[in-house]
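Beneath this line is the structure, given in structure tokens, with notes to follow.
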Amino acid sequence: MAHWLVKSEPFKYSWDQFVTDKQTFWDGVRNYAARNNLKAMKKGEEVFWYHSNEGLEIVGIAKVVKEYYQDPTTEEEAWVVVDLKPVRRLKNPVSLAQMKADKRLADMDLIRLGRLSVGAVKDSEWDVVLELAGEK
């Protein structure tokens, strides 16, 4: 099973709001690479929740509960969403600085493609982030 990372600005939609809502569709993606990642997500796959712009850290783990479908916020057929639900908050958030300092994460989409809002996470990278979070 693949792993993923999605970015959200906490002032727009935070992890805490996500937990309160219990589920959401991931909308607003207007980048083809990010859209292709949404299309590749499969039900049951896990997703890191990253707070961008403020915080700059992975704060939790979500799960894909519905695979891609037309983005209901636009009539443009090019854009899709997936449904996510929260699984758990990380024991310790993992900052962008921590990830950049760890050579094992040098090829991670978050590091290499900093502007990409939905990225793939390799199994080895997933394990390193969990280790940095104090969960392994």
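Letters for chains follow the order of the structure tokens (A, B, ...), residue numbers begin at 1 for each chain, and ligand numbers begin at 1 in the order shown.
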In chain A, what's strand (DSSP E) per DSSP? Answer as a VMD selection string? chain A and resid 3 to 8 24 to 25 46 to 51 57 to 70 80 to 95 118 to 121
Could those residues be written to a file, using N, CA and C atoms, as a compact mmCIF listing (two decimals), in the first residue's frame?
# COMPACT_ATOMS: atom_id res chain seq x y z
N HIS A 3 1.77 5.34 0.56
CA HIS A 3 1.57 6.37 1.58
C HIS A 3 1.64 7.73 0.90
N TRP A 4 1.02 8.73 1.55
CA TRP A 4 0.89 10.05 0.95
C TRP A 4 1.10 11.13 1.99
N LEU A 5 1.17 12.37 1.52
CA LEU A 5 1.23 13.54 2.38
C LEU A 5 0.36 14.62 1.74
N VAL A 6 -0.49 15.25 2.55
CA VAL A 6 -1.26 16.40 2.10
C VAL A 6 -0.90 17.59 2.97
N LYS A 7 -0.94 18.76 2.36
CA LYS A 7 -0.61 20.00 3.06
C LYS A 7 -1.87 20.83 3.28
N SER A 8 -1.98 21.37 4.48
CA SER A 8 -3.09 22.27 4.77
C SER A 8 -2.57 23.43 5.61
N THR A 24 -13.46 14.61 5.66
CA THR A 24 -13.54 15.74 4.73
C THR A 24 -13.17 15.26 3.34
N PHE A 25 -13.53 16.05 2.33
CA PHE A 25 -12.98 15.78 1.00
C PHE A 25 -11.85 16.77 0.78
N GLU A 46 -2.72 5.31 3.96
CA GLU A 46 -2.50 6.32 4.99
C GLU A 46 -1.83 7.56 4.42
N VAL A 47 -2.14 8.69 5.08
CA VAL A 47 -1.73 10.01 4.60
C VAL A 47 -1.21 10.84 5.77
N PHE A 48 -0.01 11.38 5.63
CA PHE A 48 0.47 12.35 6.63
C PHE A 48 -0.25 13.67 6.40
N TRP A 49 -0.61 14.33 7.50
CA TRP A 49 -1.26 15.65 7.47
C TRP A 49 -0.19 16.67 7.87
N TYR A 50 0.15 17.55 6.94
CA TYR A 50 1.22 18.52 7.13
C TYR A 50 0.64 19.92 7.23
N HIS A 51 0.99 20.63 8.29
CA HIS A 51 0.59 22.03 8.42
C HIS A 51 1.61 22.89 7.69
N GLU A 57 4.99 21.43 9.90
CA GLU A 57 5.23 20.14 10.54
C GLU A 57 4.13 19.14 10.20
N ILE A 58 4.51 17.87 10.22
CA ILE A 58 3.54 16.80 10.09
C ILE A 58 2.94 16.59 11.47
N VAL A 59 1.62 16.66 11.55
CA VAL A 59 0.96 16.61 12.86
C VAL A 59 0.10 15.37 13.06
N GLY A 60 -0.30 14.70 11.97
CA GLY A 60 -1.18 13.56 12.15
C GLY A 60 -1.20 12.63 10.95
N ILE A 61 -1.99 11.56 11.13
CA ILE A 61 -2.17 10.56 10.09
C ILE A 61 -3.66 10.45 9.78
N ALA A 62 -3.96 10.49 8.49
CA ALA A 62 -5.33 10.32 8.00
C ALA A 62 -5.37 9.06 7.15
N LYS A 63 -6.58 8.70 6.74
CA LYS A 63 -6.76 7.52 5.89
C LYS A 63 -7.70 7.90 4.74
N VAL A 64 -7.40 7.36 3.56
CA VAL A 64 -8.28 7.55 2.41
C VAL A 64 -9.51 6.67 2.62
N VAL A 65 -10.70 7.28 2.62
CA VAL A 65 -11.93 6.51 2.79
C VAL A 65 -12.78 6.47 1.52
N LYS A 66 -12.46 7.33 0.55
CA LYS A 66 -13.14 7.27 -0.75
C LYS A 66 -12.16 7.73 -1.81
N GLU A 67 -12.04 6.94 -2.87
CA GLU A 67 -11.12 7.27 -3.95
C GLU A 67 -11.66 8.43 -4.78
N TYR A 68 -10.83 8.92 -5.69
CA TYR A 68 -11.10 10.19 -6.36
C TYR A 68 -12.44 10.24 -7.09
N TYR A 69 -12.98 11.46 -7.08
CA TYR A 69 -14.19 11.79 -7.82
C TYR A 69 -14.15 13.28 -8.14
N GLN A 70 -15.06 13.73 -8.97
CA GLN A 70 -15.09 15.12 -9.41
C GLN A 70 -15.10 16.08 -8.21
N VAL A 80 -10.13 16.81 -9.17
CA VAL A 80 -10.75 15.74 -8.38
C VAL A 80 -10.48 15.94 -6.89
N VAL A 81 -11.20 15.17 -6.09
CA VAL A 81 -10.99 15.14 -4.64
C VAL A 81 -10.96 13.68 -4.19
N VAL A 82 -10.47 13.46 -2.98
CA VAL A 82 -10.62 12.18 -2.28
C VAL A 82 -11.19 12.50 -0.90
N ASP A 83 -11.81 11.52 -0.28
CA ASP A 83 -12.31 11.69 1.08
C ASP A 83 -11.29 11.12 2.05
N LEU A 84 -11.03 11.88 3.11
CA LEU A 84 -10.08 11.49 4.15
C LEU A 84 -10.77 11.51 5.51
N LYS A 85 -10.29 10.65 6.41
CA LYS A 85 -10.73 10.72 7.80
C LYS A 85 -9.49 10.66 8.69
N PRO A 86 -9.53 11.32 9.85
CA PRO A 86 -8.38 11.29 10.75
C PRO A 86 -8.21 9.92 11.39
N VAL A 87 -6.97 9.51 11.56
CA VAL A 87 -6.65 8.27 12.26
C VAL A 87 -6.12 8.61 13.65
N ARG A 88 -5.03 9.41 13.68
CA ARG A 88 -4.48 9.81 14.98
C ARG A 88 -3.51 10.97 14.82
N ARG A 89 -3.36 11.72 15.89
CA ARG A 89 -2.33 12.75 15.97
C ARG A 89 -1.00 12.05 16.25
N LEU A 90 0.07 12.55 15.67
CA LEU A 90 1.39 12.00 15.98
C LEU A 90 1.76 12.31 17.43
N LYS A 91 2.49 11.41 18.04
CA LYS A 91 2.93 11.61 19.42
C LYS A 91 3.69 12.92 19.54
N ASN A 92 4.58 13.16 18.59
CA ASN A 92 5.33 14.42 18.50
C ASN A 92 5.30 14.89 17.06
N PRO A 93 4.87 16.13 16.80
CA PRO A 93 4.91 16.64 15.42
C PRO A 93 6.34 16.58 14.88
N VAL A 94 6.47 16.39 13.59
CA VAL A 94 7.79 16.32 12.95
C VAL A 94 7.92 17.54 12.06
N SER A 95 8.88 18.40 12.40
CA SER A 95 9.04 19.67 11.70
C SER A 95 9.77 19.50 10.36
N VAL A 118 0.12 17.75 -2.62
CA VAL A 118 -0.20 16.34 -2.38
C VAL A 118 0.97 15.53 -2.93
N GLY A 119 1.69 14.84 -2.06
CA GLY A 119 2.87 14.12 -2.50
C GLY A 119 2.88 12.68 -2.05
N ALA A 120 3.65 11.89 -2.76
CA ALA A 120 3.86 10.49 -2.39
C ALA A 120 4.90 10.41 -1.27
N VAL A 121 4.77 9.38 -0.45
CA VAL A 121 5.74 9.11 0.61
C VAL A 121 6.14 7.65 0.49
Give the alpha helix (DSSP H) residues of stretch 10-118 of chain A, as DSSP finds them on the backbone, and put them as number ranges by chain. A: 15-21, 32-40, 96-101, 109-112
Can I get the selection written as a compact mmCIF listing (two decimals), in the first residue's frame, with C-alpha atoms?
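Final output, saved to result.txt:
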# COMPACT_ATOMS: atom_id res chain seq x y z
CA TRP A 15 -5.82 19.12 12.01
CA ASP A 16 -8.04 19.99 14.99
CA GLN A 17 -10.85 21.07 12.66
CA PHE A 18 -10.39 17.88 10.66
CA VAL A 19 -10.73 15.81 13.85
CA THR A 20 -13.87 17.76 14.81
CA ASP A 21 -15.36 17.20 11.33
CA TYR A 32 -1.65 18.50 -12.27
CA ALA A 33 1.07 16.60 -10.38
CA ALA A 34 -0.88 16.91 -7.12
CA ARG A 35 -4.09 15.94 -8.95
CA ASN A 36 -2.38 12.84 -10.34
CA ASN A 37 -1.37 11.89 -6.81
CA LEU A 38 -5.00 12.24 -5.68
CA LYS A 39 -6.03 9.97 -8.56
CA ALA A 40 -3.45 7.39 -7.46
CA LEU A 96 10.23 20.48 8.22
CA ALA A 97 13.61 21.40 9.75
CA GLN A 98 13.90 17.91 11.29
CA MET A 99 13.07 16.29 7.97
CA LYS A 100 15.51 18.45 6.01
CA ALA A 101 18.25 17.60 8.52
CA ASP A 109 8.56 14.82 -2.27
CA LEU A 110 8.02 17.30 0.58
CA ILE A 111 11.72 18.19 0.53
CA ARG A 112 12.38 18.04 -3.23
Looking at A:Met1, A:Ala78, A:Leu105, A:Val129, which one is nearest to A:Lys42, with distances taken over only C-alpha atoms? A:Met1
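Across A:Arg115, A:Phe11, A:Asp71, A:Glu77, the tightest approach to A:Gly55 is made by A:Phe11 when counting only C-alpha atoms.
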